[in-house]
Structures are given as C-alpha cells and as structure tokens.
$ cat run16.txt   # compact mmCIF, C-alpha atoms
# COMPACT_ATOMS: atom_id res chain seq x y z
CA MET A 1 0.00 0.00 0.00
CA PRO A 2 1.55 3.34 -0.99
CA LYS A 3 2.07 5.77 1.89
CA GLY A 4 0.89 8.80 -0.08
CA PRO A 5 -1.57 11.38 1.19
CA PHE A 6 -4.56 9.29 0.19
CA ARG A 7 -3.52 6.44 2.45
CA ARG A 8 -5.77 8.22 4.91
CA LEU A 9 -8.77 7.00 2.96
CA SER A 10 -7.85 3.61 4.37
CA VAL A 11 -7.90 4.94 7.91
CA ALA A 12 -10.61 7.56 7.59
CA LEU A 13 -12.59 6.00 10.37
CA ARG A 14 -9.64 5.85 12.76
CA LEU A 15 -7.78 9.01 11.88
CA LYS A 16 -7.03 10.11 15.41
CA SER A 17 -4.76 7.13 15.94
CA ALA A 18 -3.30 6.86 12.44
CA TYR A 19 -3.03 10.43 11.17
CA VAL A 20 0.26 11.59 9.70
CA PRO A 21 0.44 15.31 8.84
CA TYR A 22 -0.13 15.97 5.15
CA SER A 23 3.07 18.00 4.85
CA THR A 24 5.22 14.97 5.75
CA LEU A 25 3.77 12.72 3.05
CA ASP A 26 4.64 12.30 -0.60
CA THR A 27 2.25 13.44 -3.33
CA SER A 28 0.69 10.23 -4.64
CA SER A 29 -2.60 10.96 -6.38
CA LEU A 30 -6.02 9.74 -5.37
CA ALA A 31 -6.24 7.78 -8.61
CA GLN A 32 -2.92 6.04 -7.87
CA PHE A 33 -4.07 5.20 -4.36
CA LEU A 34 -7.32 3.66 -5.57
CA SER A 35 -5.71 1.75 -8.42
CA SER A 36 -2.96 0.37 -6.19
CA SER A 37 -5.44 -0.60 -3.47
CA LYS A 38 -7.60 -2.49 -5.95
CA SER A 39 -4.61 -4.27 -7.50
CA LYS A 40 -3.27 -5.43 -4.14
CA TYR A 41 -6.72 -6.51 -2.96
CA LEU A 42 -7.27 -8.68 -6.04
CA LYS A 43 -3.70 -10.03 -6.22
CA ASP A 44 -4.24 -12.92 -3.85
CA ARG A 45 -7.72 -14.15 -3.00
CA TYR A 46 -6.52 -15.56 0.33
CA ARG A 47 -5.68 -12.10 1.59
CA PHE A 48 -9.35 -11.21 1.38
CA ALA A 49 -10.06 -12.78 4.78
CA TRP A 50 -7.30 -11.01 6.67
CA ILE A 51 -8.32 -7.36 6.81
CA GLN A 52 -7.95 -6.70 10.51
CA SER A 53 -10.20 -4.51 12.59
CA GLU A 54 -7.30 -2.17 13.34
CA VAL A 55 -7.62 -0.52 9.94
CA HIS A 56 -4.76 1.82 10.62
CA LYS A 57 -2.46 -1.22 10.63
CA LYS A 58 -3.98 -3.02 7.62
CA PRO A 59 -5.29 -1.15 4.58
CA THR A 60 -8.98 -1.06 3.68
CA ILE A 61 -10.48 -0.41 0.29
CA PRO A 62 -13.72 1.33 -0.73
CA LEU A 63 -16.14 -1.04 -2.48
CA MET A 64 -18.69 0.39 -4.90
CA GLN A 65 -21.85 -1.67 -4.37
CA PHE A 66 -22.81 -1.82 -8.03
CA GLU A 67 -21.58 -3.37 -11.26
CA ARG A 68 -18.86 -1.83 -13.44
CA ASP A 69 -21.34 -0.86 -16.18
CA ASP A 70 -23.33 1.19 -13.66
CA PHE A 71 -20.66 3.88 -13.37
CA SER A 72 -22.18 5.58 -16.43
CA LEU A 73 -25.53 5.98 -14.69
CA ARG A 74 -24.36 8.85 -12.46
CA GLU A 75 -22.59 11.43 -14.59
CA GLU A 76 -22.43 13.88 -11.69
CA ASN A 77 -20.36 11.36 -9.73
CA LEU A 78 -17.99 10.82 -12.65
CA TYR A 79 -17.54 14.58 -12.95
CA ALA A 80 -16.74 14.89 -9.23
CA LEU A 81 -14.23 12.06 -9.50
CA ARG A 82 -12.56 13.75 -12.48
CA LEU A 83 -12.15 16.91 -10.43
CA ALA A 84 -10.32 14.76 -7.89
CA GLY A 85 -8.05 13.28 -10.57
CA VAL A 86 -9.86 9.94 -10.84
CA ASN A 87 -10.38 9.79 -14.60
CA ASN A 88 -10.91 6.06 -15.06
CA PRO A 89 -13.05 4.87 -12.15
CA ARG A 90 -14.08 1.70 -13.98
CA GLU A 91 -10.50 0.49 -13.59
CA GLU A 92 -9.39 2.40 -10.50
CA LEU A 93 -12.31 1.63 -8.18
CA LEU A 94 -13.30 -1.77 -6.82
CA CYS A 95 -16.87 -2.77 -7.66
CA LEU A 96 -19.02 -5.90 -7.43
CA THR A 97 -18.05 -6.98 -10.94
CA ASP A 98 -14.49 -7.55 -9.72
CA LEU A 99 -15.67 -10.01 -7.07
CA THR A 100 -18.23 -12.19 -8.87
CA GLU A 101 -15.98 -15.27 -8.88
CA PHE A 102 -15.56 -15.34 -5.10
CA LYS A 103 -18.13 -17.26 -3.05
CA PRO A 104 -18.56 -16.60 -0.17
CA PHE A 105 -17.55 -12.97 -0.03
CA PRO A 106 -13.79 -13.01 0.65
CA SER A 107 -13.50 -10.44 3.45
CA HIS A 108 -14.54 -10.58 7.08
CA ASN A 109 -14.39 -7.01 8.42
CA PHE A 110 -16.65 -4.26 7.07
CA ALA A 111 -17.11 -0.53 7.60
CA LEU A 112 -20.57 0.63 6.51
CA VAL A 113 -20.97 4.08 4.98
CA ASP A 114 -24.41 5.49 4.05
CA HIS A 115 -26.21 2.40 5.41
CA ASN A 116 -26.22 0.63 8.76
CA ARG A 117 -27.09 -3.00 8.04
CA LEU A 118 -24.64 -5.40 6.40
CA ALA A 119 -26.22 -6.89 3.26
CA GLY A 120 -26.65 -10.62 2.87
CA LEU A 121 -24.20 -10.61 -0.03
CA PHE A 122 -21.38 -10.10 2.48
CA SER A 123 -22.58 -12.29 5.36
CA THR A 124 -24.05 -15.35 3.61
CA ASP A 125 -21.81 -18.40 4.29
CA ASN A 126 -19.34 -15.98 5.89
CA PRO A 127 -19.71 -16.65 9.64
CA SER A 128 -16.73 -14.45 10.53
CA ALA A 129 -18.26 -11.36 8.93
CA ARG A 130 -18.29 -8.47 11.38
CA VAL A 131 -19.02 -4.77 11.17
CA THR A 132 -16.22 -2.68 12.65
CA ALA A 133 -17.50 0.83 11.85
CA VAL A 134 -20.70 2.58 10.78
CA VAL A 135 -21.22 6.12 9.46
CA ASP A 136 -24.78 6.74 8.28
CA HIS A 137 -27.66 9.23 8.23
CA HIS A 138 -30.60 6.85 7.74
CA GLU A 139 -32.93 5.34 10.35
CA ASP A 140 -30.88 3.55 13.00
CA GLU A 141 -31.56 -0.20 12.91
CA GLN A 142 -29.87 -0.58 16.34
CA LEU A 143 -27.20 -3.01 15.14
CA TYR A 144 -23.47 -3.45 15.90
CA LYS A 145 -23.58 -1.33 19.05
CA ASP A 146 -20.81 -3.32 20.71
CA ALA A 147 -18.67 -4.00 17.64
CA ALA A 148 -18.61 -0.80 15.59
CA ASP A 149 -16.16 1.97 16.46
CA PRO A 150 -16.95 4.59 15.44
CA ARG A 151 -20.70 4.10 15.23
CA ILE A 152 -22.14 7.38 13.95
CA ILE A 153 -25.79 7.28 12.91
CA THR A 154 -27.35 10.71 12.96
CA PRO A 155 -29.39 12.95 10.62
CA ALA A 156 -27.55 14.82 7.86
CA GLY A 157 -28.40 16.12 4.44
CA SER A 158 -25.38 14.24 3.13
CA CYS A 159 -23.66 11.25 4.72
CA THR A 160 -20.42 12.68 3.35
CA SER A 161 -20.68 15.47 5.92
CA LEU A 162 -20.46 12.89 8.71
CA VAL A 163 -17.46 11.25 7.06
CA ALA A 164 -15.78 14.63 6.53
CA SER A 165 -16.12 15.47 10.20
CA LEU A 166 -13.74 12.59 10.99
CA PHE A 167 -10.87 13.91 8.88
CA PRO A 168 -7.91 15.82 10.35
CA PRO A 169 -7.28 19.52 9.64
CA GLU A 170 -4.90 18.80 6.77
CA ILE A 171 -6.07 16.73 3.81
CA PRO A 172 -5.17 16.82 0.10
CA PRO A 173 -7.11 19.47 -1.89
CA GLU A 174 -8.44 16.89 -4.37
CA LEU A 175 -9.99 14.86 -1.57
CA ALA A 176 -11.57 17.96 0.00
CA THR A 177 -13.06 18.87 -3.40
CA LEU A 178 -14.49 15.37 -3.83
CA LEU A 179 -16.14 15.57 -0.41
CA LEU A 180 -17.53 19.02 -1.19
CA CYS A 181 -19.02 17.80 -4.47
CA SER A 182 -20.90 15.06 -2.66
CA ILE A 183 -22.27 17.51 -0.09
CA PHE A 184 -23.32 19.98 -2.81
CA ILE A 185 -25.06 17.22 -4.81
CA ASP A 186 -27.06 16.09 -1.78
CA THR A 187 -27.94 19.56 -0.46
CA ASP A 188 -28.30 21.57 -3.69
CA GLY A 189 -25.21 23.60 -2.88
CA LEU A 190 -26.31 24.19 0.75
CA LYS A 191 -29.35 26.10 -0.46
CA PRO A 192 -30.85 28.05 2.48
CA GLY A 193 -33.95 26.31 3.77
CA GLY A 194 -33.04 23.16 1.85
CA LYS A 195 -31.89 19.69 2.90
CA GLY A 196 -28.64 20.84 4.45
CA LEU A 197 -28.42 20.53 8.24
CA LYS A 198 -25.95 22.07 10.67
CA VAL A 199 -23.42 19.26 10.18
CA ASP A 200 -23.52 19.77 6.39
CA HIS A 201 -22.82 23.49 6.70
CA GLU A 202 -20.05 22.93 9.23
CA SER A 203 -18.35 20.26 7.14
CA ALA A 204 -18.54 22.34 3.95
CA GLU A 205 -17.23 25.42 5.74
CA SER A 206 -14.33 23.35 7.05
CA LEU A 207 -13.55 21.79 3.66
CA VAL A 208 -13.76 24.76 1.31
CA HIS A 209 -10.47 26.38 2.30
CA ARG A 210 -8.70 23.01 1.97
CA SER A 211 -10.13 22.27 -1.49
CA THR A 212 -9.17 23.19 -5.04
CA LEU A 213 -11.97 25.77 -4.86
CA ALA A 214 -10.05 27.85 -2.32
CA PRO A 215 -8.35 30.16 -4.87
CA SER A 216 -11.76 30.94 -6.41
CA VAL A 217 -13.55 31.62 -3.15
CA PRO A 218 -13.26 35.12 -1.64
CA ASN A 219 -10.64 35.49 1.07
CA SER A 220 -13.32 36.25 3.62
CA PHE A 221 -14.48 32.64 3.24
CA THR A 222 -11.06 31.03 3.57
CA GLY A 223 -9.06 33.22 5.92
CA ASN A 224 -9.44 33.95 9.59
CA GLN A 225 -13.09 34.84 9.09
CA LYS A 226 -14.86 31.50 8.87
CA ALA A 227 -17.35 31.02 6.07
CA THR A 228 -20.99 30.86 7.05
CA SER A 229 -23.66 28.76 5.37
CA ILE A 230 -25.17 31.83 3.73
CA THR A 231 -21.92 33.36 2.51
CA LEU A 232 -20.70 30.01 1.24
CA PHE A 233 -23.90 29.45 -0.70
CA ASP A 234 -23.46 32.89 -2.28
CA ALA A 235 -19.86 32.27 -3.36
CA GLN A 236 -19.78 32.20 -7.17
CA ALA A 237 -17.41 29.24 -7.29
CA VAL A 238 -19.81 27.21 -5.16
CA LYS A 239 -22.76 28.27 -7.31
CA ASP A 240 -20.93 27.35 -10.52
CA LEU A 241 -19.87 23.95 -9.21
CA THR A 242 -23.36 23.19 -7.90
CA THR A 243 -24.92 24.20 -11.22
CA GLU A 244 -22.52 21.97 -13.14
CA LEU A 245 -23.20 19.01 -10.86
CA ASN A 246 -26.98 19.52 -10.99
CA ASP A 247 -26.96 19.82 -14.77
CA LYS A 248 -25.16 16.51 -15.10
CA LYS A 249 -27.41 14.90 -12.52
CA SER A 250 -30.60 16.02 -14.28
CA ASP A 251 -29.51 15.07 -17.80
CA LEU A 252 -31.12 11.66 -18.24
CA SER A 253 -31.32 11.73 -22.03
CA HIS A 254 -28.77 8.95 -22.45
CA LEU A 255 -30.47 6.56 -20.01
CA SER A 256 -33.02 3.87 -20.82
CA ALA A 257 -35.96 3.02 -18.58
CA TRP A 258 -33.95 0.13 -17.13
CA ASP A 259 -30.99 2.45 -16.57
CA LEU A 260 -33.23 4.81 -14.60
CA LEU A 261 -34.32 1.98 -12.30
CA ARG A 262 -30.71 0.94 -11.63
CA ARG A 263 -29.41 4.49 -11.23
CA ASP A 264 -30.49 4.97 -7.61
CA TYR A 265 -31.44 1.57 -6.28
CA LYS A 266 -31.41 0.04 -2.79
CA GLU A 267 -32.18 -3.56 -1.82
CA TYR A 268 -33.41 -4.91 1.49
CA SER A 269 -34.12 -8.28 3.15
CA TYR A 270 -37.17 -8.73 5.37
CA ALA A 271 -38.22 -11.63 7.59
CA LEU A 272 -42.02 -11.99 7.39
CA SER A 273 -42.95 -12.87 10.97
CA TRP A 274 -46.65 -13.03 10.08
CA ALA A 275 -46.21 -15.66 7.31
CA PRO A 276 -45.87 -19.44 7.82
CA ASN A 277 -42.27 -20.39 8.65
CA GLU A 278 -41.32 -16.68 8.65
CA PRO A 279 -39.70 -16.65 5.20
CA THR A 280 -37.17 -13.96 4.30
CA ILE A 281 -37.78 -12.04 1.08
CA LYS A 282 -35.90 -9.39 -0.86
CA ALA A 283 -37.45 -6.05 -1.78
CA GLY A 284 -35.99 -3.24 -3.86
CA LEU A 285 -36.59 0.51 -3.95
CA ALA A 286 -35.61 2.51 -7.04
CA THR A 287 -35.70 6.31 -6.97
CA VAL A 288 -36.33 7.73 -10.45
CA PRO A 289 -35.99 11.51 -11.05
CA THR A 290 -38.71 11.65 -13.69
CA GLY A 291 -42.43 10.97 -13.95
CA LYS A 292 -42.07 9.32 -17.34
CA GLY A 293 -40.77 5.98 -18.51
CA GLY A 294 -41.88 2.35 -18.38
CA TYR A 295 -41.95 0.06 -15.40
CA GLY A 296 -40.10 -3.21 -15.24
CA MET A 297 -38.62 -5.78 -12.90
CA ASP A 298 -35.48 -7.85 -13.14
CA GLU A 299 -36.59 -11.32 -12.10
CA ASN A 300 -32.95 -12.44 -11.92
CA ARG A 301 -32.40 -10.39 -8.76
CA GLY A 302 -34.67 -12.71 -6.80
CA LEU A 303 -36.93 -9.86 -5.70
CA THR A 304 -40.38 -10.47 -4.30
CA ALA A 305 -41.35 -6.79 -4.30
CA LEU A 306 -40.14 -3.67 -6.09
CA GLY A 307 -41.08 -0.07 -5.34
CA ILE A 308 -40.41 2.62 -7.95
CA LEU A 309 -40.37 6.09 -6.39
CA THR A 310 -40.56 8.91 -8.92
CA SER A 311 -39.72 12.56 -8.24
CA PHE A 312 -40.38 15.24 -10.86
CA ARG A 313 -41.71 18.72 -11.60
CA ASP A 314 -45.04 19.18 -13.32
CA GLY A 315 -44.36 21.41 -16.31
CA SER A 316 -48.07 21.96 -16.89
CA LYS A 317 -48.17 23.93 -13.63
CA PRO A 318 -45.06 26.14 -13.72
CA GLY A 319 -46.05 28.25 -10.68
CA LYS A 320 -44.13 31.32 -9.51
CA SER A 321 -40.73 29.68 -9.90
CA GLY A 322 -41.43 28.66 -13.49
CA ARG A 323 -39.94 25.24 -12.75
CA GLY A 324 -43.22 23.44 -12.14
CA LYS A 325 -44.69 21.99 -8.97
CA HIS A 326 -42.65 19.23 -7.33
CA LYS A 327 -44.53 15.94 -7.29
CA ARG A 328 -43.93 12.32 -6.36
CA GLU A 329 -45.58 9.10 -7.49
CA MET A 330 -44.87 5.47 -6.66
CA ALA A 331 -45.41 2.16 -8.42
CA TRP A 332 -45.25 -1.18 -6.62
CA ILE A 333 -44.86 -4.64 -8.11
CA VAL A 334 -45.19 -7.94 -6.21
CA LEU A 335 -44.27 -11.14 -8.02
CA ASP A 336 -46.65 -14.07 -7.97
CA ASP A 337 -45.32 -17.02 -5.98
CA ALA A 338 -45.20 -19.17 -9.10
CA GLU A 339 -42.51 -16.82 -10.45
CA LEU A 340 -40.33 -17.14 -7.33
CA PRO A 341 -37.80 -19.84 -6.49
CA GLN A 342 -39.51 -22.42 -4.28
CA ARG A 343 -38.26 -23.00 -0.75
CA ALA A 344 -37.40 -26.70 -0.29
CA GLY A 345 -39.61 -28.31 2.34
CA MET A 346 -41.49 -25.08 3.06
CA PRO A 347 -44.98 -23.94 2.11
CA SER A 348 -45.14 -21.45 -0.72
CA LEU A 349 -45.45 -17.79 0.17
CA ASP A 350 -48.89 -16.29 -0.35
CA THR A 351 -47.81 -13.24 -2.33
CA THR A 352 -51.42 -12.20 -2.90
CA GLU A 353 -51.72 -11.72 0.86
CA LEU A 354 -48.35 -9.99 0.84
CA ALA A 355 -49.59 -7.55 -1.81
CA LYS A 356 -52.79 -6.83 0.13
CA ARG A 357 -50.78 -6.16 3.24
CA LEU A 358 -48.52 -3.78 1.33
CA TRP A 359 -51.40 -1.85 -0.27
CA LYS A 360 -53.16 -1.55 3.09
CA GLY A 361 -50.06 -0.27 4.87
CA LEU A 362 -49.26 2.30 2.19
CA GLU A 363 -52.82 3.59 1.89
CA ASP A 364 -53.28 3.92 5.65
CA ASP A 365 -50.04 5.82 6.26
CA GLU A 366 -50.66 9.43 7.24
CA VAL A 367 -47.20 10.66 6.28
CA ILE A 368 -46.91 9.75 2.60
CA LYS A 369 -50.66 10.32 1.94
CA VAL A 370 -51.09 8.20 -1.18
CA LYS A 371 -54.04 7.94 -3.55
CA LYS A 372 -54.56 5.39 -6.30
CA HIS A 373 -53.38 6.66 -9.66
CA LYS A 374 -55.21 6.35 -12.97
CA LYS A 375 -52.00 4.82 -14.37
CA LEU A 376 -52.88 1.68 -12.43
CA SER A 377 -55.07 0.19 -15.16
CA GLN A 378 -52.46 1.07 -17.79
CA LEU A 379 -49.79 -0.70 -15.79
CA GLN A 380 -51.91 -3.79 -15.15
CA ASN A 381 -52.96 -4.08 -18.80
CA GLY A 382 -49.45 -3.56 -20.17
CA ASP A 383 -46.92 -6.15 -21.18
CA GLU A 384 -44.06 -4.81 -19.06
CA LEU A 385 -44.71 -6.91 -15.95
CA PRO A 386 -43.97 -10.56 -15.15
CA PRO A 387 -46.99 -12.90 -15.43
CA LYS A 388 -49.54 -12.85 -12.59
CA SER A 389 -47.86 -9.95 -10.84
CA ASN A 390 -49.72 -7.73 -8.40
CA ALA A 391 -49.15 -4.05 -9.10
CA ARG A 392 -50.37 -0.68 -7.92
CA VAL A 393 -49.54 2.96 -8.72
CA TYR A 394 -50.11 5.86 -6.36
CA LYS A 395 -49.95 9.62 -6.36
CA GLN A 396 -48.12 10.86 -3.30
CA GLY A 397 -49.79 13.65 -1.36
CA ASN A 398 -46.61 14.43 0.55
CA ALA A 399 -43.98 15.31 -2.06
CA ASP A 400 -41.32 15.64 0.66
CA ALA A 401 -41.55 11.96 1.62
CA ASN A 402 -38.53 10.43 -0.12
CA ARG A 403 -36.91 7.01 0.23
CA LYS A 404 -35.66 7.86 3.71
CA ILE A 405 -39.34 7.93 4.71
CA VAL A 406 -40.60 5.12 2.50
CA ALA A 407 -37.91 2.54 3.35
CA PRO A 408 -38.67 2.42 7.11
CA LEU A 409 -42.39 2.35 6.29
CA LEU A 410 -41.91 -0.62 3.97
CA LYS A 411 -39.97 -2.43 6.68
CA ASN A 412 -42.71 -1.83 9.24
CA ILE A 413 -45.43 -2.99 6.85
CA LEU A 414 -43.69 -6.21 5.85
CA GLN A 415 -42.16 -7.16 9.19
CA GLY A 416 -44.80 -5.84 11.57
CA SER A 417 -47.31 -7.98 13.40
CA PRO A 418 -50.09 -8.82 13.88
CA PRO A 419 -51.10 -9.20 10.24
CA LEU A 420 -52.96 -6.33 8.70
CA GLN A 421 -56.54 -6.88 7.58
CA ALA A 422 -56.52 -5.76 3.97
CA ASN A 423 -59.30 -5.49 1.44
$ encode --input "run16.txt" --output "structure tokens"
Amino acid sequence: MPKGPFRRLSVALRLKSAYVPYSTLDTSSLAQFLSSSKSKYLKDRYRFAWIQSEVHKKPTIPLMQFERDDFSLREENLYALRLAGVNNPREELLCLTDLTEFKPFPSHNFALVDHNRLAGLFSTDNPSARVTAVVDHHEDEQLYKDAADPRIITPAGSCTSLVASLFPPEIPPELATLLLCSIFIDTDGLKPGGKGLKVDHESAESLVHRSTLAPSVPNSFTGNQKATSITLFDAQAVKDLTTELNDKKSDLSHLSAWDLLRRDYKEYSYALSWAPNEPTIKAGLATVPTGKGGYGMDENRGLTALGILTSFRDGSKPGKSGRGKHKREMAWIVLDDAELPQRAGMPSLDTTELAKRLWKGLEDDEVIKVKKHKKLSQLQNGDELPPKSNARVYKQGNADANRKIVAPLLKNILQGSPPLQAN
C-alpha cells in the first residue's frame, strides 16, 4: 500500500490514531491510491479474509456496491471524480463486478458508509463477517452497538458530511473537493432552507479552504473569518460547481428506462414474521428523477417486491418559480409465488396476501398520503410486468416523503405484526 496522502482514505474511520500530517507525506494521487489498493486486494484471494479490525495497521479499500457498467448511470459522480483526478473509475475503483468469482464474499471485516445494516451478499456463508464501523444518516436499525467503532448514525443532508467530520485539519485538496461535491449534490449547494443541516454546513465550511476551490472563493471565506452557510452558498465558485453538478445529474437523455431503475437503487431483506415459517424475502426501492418511462422488474435479482419512487416537476403547472410543482408518485410490483424460487420443504409464500398487506399499509399511512393513480389500469394491462404480478400505482400527497421515509415504512409494513386486515 503506498504511503501517499490518500492512504488516509484507508484509515478515515480511525484518523485520530493513524493520522500523519499531510506535509510529511509524498504526493501520490487519489487515482494512484485507488488503483494500487484495488490491485493489491485482487492479487491474492486468500488475503481477502485477513483485513484486521485495526484498519490503521492493515489497509482497507472502498467497495462500490454496483456493477462496473453502472458507473455511467451517475454522470455527476464521474464529474466529481474527475475533479479529484480519478479519470478512469471503472478500472481504479473496486466494484461488485471484480468479485463475482468469489463465493462466499472473501473479506470478514466491514465498515458501513451510508447504510447501517450489512447486506446478505457479504454475510451469507461468511460466519466471521463483522461490522467494525458505521457512518450513516438513515434510520438507526440498532445493530453493531458493541462491535462498531466509530458508530455514527445521525441525521444529515449528506452522509459525506459525517465522514468529513472525521478527517484531520490537513487533507489533500483533491480529496476535499471530492467531499464538497458530494455535499453539494445532496444539499443543492447548501441552499438556504433546503436539505442541508448544521453538520452539512459545518463540514462544507471546514472543507472549502482546503479544497481546489479555495483560490476561487473570496478570502473572507477562507481566511481567519470562517465562512458561514449563507456566505458560502453565495460564493460564485460554489454556485458554478453546484450548477454543473446539478446539470449533469438532471440530464437523463442517455439513459433507458432500465438504466433509470438501476441508477439509484437500494435492496433490502425482510423476515415476514406473520407468514408461515417466517420466510425472508428481498425487496428493492428505485428512486427515479422523472415521472415518465416504463416500469419493469429484473426477475434475476430474486426480488419479491419492487417499489419505484418517482420525483419530478409538473411542467403543466409552472407556478411562480417557473420550474413546475414538485410531485412524487410510486409504483409497486409484487411477483406471484409461481414466479419465485420455491423453498425446499417449506410452504409457498402467499404473495397475494403480501400484496394486500402492502397496499393496506401504504394507503393507511398518514405521512406519505397516497391515492390510487389512474395509471394503475395502464400498468396492469401492459406487457411490461412478469406474469400474474400484483401491481399498484399511487400519487403521493406528501412530495417531501422520499426514500428515507418510504424505506422504514416498507420495513414496518412487511415485518410488523399482527397481520394487517386488507381489502
């Protein structure tokens, strides 16, 4: 492992014990660090199992939890990486495609960032799997309290802000810029009254004078007078970067309907305590930043249920801003049991009852405030769904209820007991 400035990515979660001042290190690039880390990780499969919990003594490597072809789905991320000198992430970053030949997953120790439950992919047939650190801003699932250090699960507009708060005062400018890009993407450039919370503003204010943006930001933001959330938002360099990132994020012209589903996708496992033998199923949630496009489901993923959460602006009602009213809709698909792999020696899962339970839970929830959509009949009569699927489409009364709201609701509906009485 090279001992360049980006070695600290390997110890980001234990910096207080492993930090070496930036000025004493050589000038290896972020791209070189990532490429070297990946090469050494893949060199010998038997080393996979020996990443020790003391990450400052043994290197760790960031794993992108998607396939290599999925890099092209998030142009804003590619742009941010290019600003940090990572011009070929398909080769320089480790992703799931690189690990398909290894069963079970060939590492034991995991640090979770932007989620707080280890996925089955990493723990199945891997009894030594353990979580050694968690940094997340989603609902706390109350796991790994004795094993994870640090264990930071708290609200933030961007999980990157929580990660950034762990870094020492001196970090390479390219890394600071990459962190800033992520915060700006998630908080719309720290727009006042937006998604950004105190920790987001504090992290951005701390990073800006250490980033490549520093020469373009007025001295009052980077000198002795600390930047404030308002002044930082007003800085032209921040506005320009945010605009560029948002433009790339909103340009979906090169993506197919299937690309849109994969672009922002999360997968969950749920034990159904109300069903015979308490089977465990997989459910997916895809966030799609448009109200248009077809619906579909990849049966090869082994999903029982898929939720498609759309977020868009209604151009027919431009309003005062001229951008259109923000709206959300959701489509849900539940596969018929005949389309699912059968469980040996176990009764089949009644997915019709599962669908009824899901519809009932969604329609009764007072936060998301859904109503059946006229697109329902179109969806049911179309040829885009697997045979005998149950499907429903809703308009969302609460346009602020995103996946952070819907995911915990889905968990409560599917795992809760006693069973819901659904019509």
$ atom_distance --input "run16.txt" --atom1 "atom CA of Asp364 of chain A" --atom2 "atom CA of Arg328 of chain A"
17.4 Å
$ residues_around --input "run16.txt" --residues "Gly157 of chain A" --least-positions-apart "5" --cutoff "10 Å" --atoms "all atoms listed in the file" --output "ChimeraX atom specification"
/A:137,162,183-188,190,194-201
$ residues_around --input "run16.txt" --residues "Tyr265 of chain A" --least-positions-apart "4" --cutoff "7 Å" --atoms "all atoms listed in the file" --output "count of residues only"
4
$ residues_near_point --input "run16.txt" --point "(-24.4, 26.1, -7.7)" --cutoff "12 Å" --atoms "all atoms listed in the file" --output "NGL selection string"
:A and (180-181 or 183-191 or 232-247)
$ closest_residue --input "run16.txt" --among "A:Ala156, A:Leu73, A:Ala331, A:Ala164" --to "Asp251 of chain A" --atoms "all atoms listed in the file"
A:Leu73
$ closest_residue --input "run16.txt" --among "A:Leu179, A:Pro192, A:Asp400, A:Asn109" --to "Leu81 of chain A" --atoms "all atoms listed in the file"
A:Leu179
$ atom_distance --input "run16.txt" --atom1 "atom CA of Pro106 of chain A" --atom2 "atom CA of Leu272 of chain A"
29.0 Å
$ residues_around --input "run16.txt" --residues "Pro289 of chain A" --least-positions-apart "5" --cutoff "8 Å" --atoms "all atoms listed in the file" --output "PyMOL selection string"
chain A and resi 250+310-312
$ closest_residue --input "run16.txt" --among "A:Leu78, A:Ala204, A:Leu94, A:Val131" --to "Ser158 of chain A" --atoms "all atoms listed in the file"
A:Ala204
$ atom_distance --input "run16.txt" --atom1 "atom CA of Lys248 of chain A" --atom2 "atom CA of Ser72 of chain A"
11.4 Å
$ closest_residue --input "run16.txt" --among "A:Ala399, A:Val406, A:Asn116, A:Leu166" --to "Lys145 of chain A" --atoms "only C-alpha atoms"
A:Asn116
$ residues_around --input "run16.txt" --residues "Gly120 of chain A" --least-positions-apart "2" --cutoff "12 Å" --atoms "all atoms listed in the file" --output "NGL selection string"
:A and (104-105 or 117-118 or 122-127 or 129 or 267-270 or 280-282)
$ closest_residue --input "run16.txt" --among "A:Ser107, A:Gly85, A:Glu101, A:Ile152" --to "Ile61 of chain A" --atoms "only C-alpha atoms"
A:Ser107
$ closest_residue --input "run16.txt" --among "A:Arg151, A:Thr304, A:Leu63, A:Phe71" --to "Arg262 of chain A" --atoms "all atoms listed in the file"
A:Phe71
$ residues_around --input "run16.txt" --residues "segment 367-373 of chain A" --least-positions-apart "5" --cutoff "10 Å" --atoms "all atoms listed in the file" --output "mmCIF file with C-alpha atoms, in the coordinates of the input"
data_model
loop_
_atom_site.group_PDB
_atom_site.id
_atom_site.type_symbol
_atom_site.label_atom_id
_atom_site.label_comp_id
_atom_site.auth_asym_id
_atom_site.auth_seq_id
_atom_site.Cartn_x
_atom_site.Cartn_y
_atom_site.Cartn_z
ATOM 1 C CA ARG A 328 -43.930 12.320 -6.360
ATOM 2 C CA GLU A 329 -45.580 9.100 -7.490
ATOM 3 C CA MET A 330 -44.870 5.470 -6.660
ATOM 4 C CA ALA A 331 -45.410 2.160 -8.420
ATOM 5 C CA TRP A 359 -51.400 -1.850 -0.270
ATOM 6 C CA LEU A 362 -49.260 2.300 2.190
ATOM 7 C CA GLN A 378 -52.460 1.070 -17.790
ATOM 8 C CA ARG A 392 -50.370 -0.680 -7.920
ATOM 9 C CA VAL A 393 -49.540 2.960 -8.720
ATOM 10 C CA TYR A 394 -50.110 5.860 -6.360
ATOM 11 C CA LYS A 395 -49.950 9.620 -6.360
ATOM 12 C CA GLN A 396 -48.120 10.860 -3.300
ATOM 13 C CA GLY A 397 -49.790 13.650 -1.360
ATOM 14 C CA ASN A 398 -46.610 14.430 0.550
ATOM 15 C CA ALA A 399 -43.980 15.310 -2.060
ATOM 16 C CA ASP A 400 -41.320 15.640 0.660
ATOM 17 C CA ALA A 401 -41.550 11.960 1.620
ATOM 18 C CA ASN A 402 -38.530 10.430 -0.120
ATOM 19 C CA ILE A 405 -39.340 7.930 4.710
ATOM 20 C CA VAL A 406 -40.600 5.120 2.500
ATOM 21 C CA LEU A 409 -42.390 2.350 6.290
#
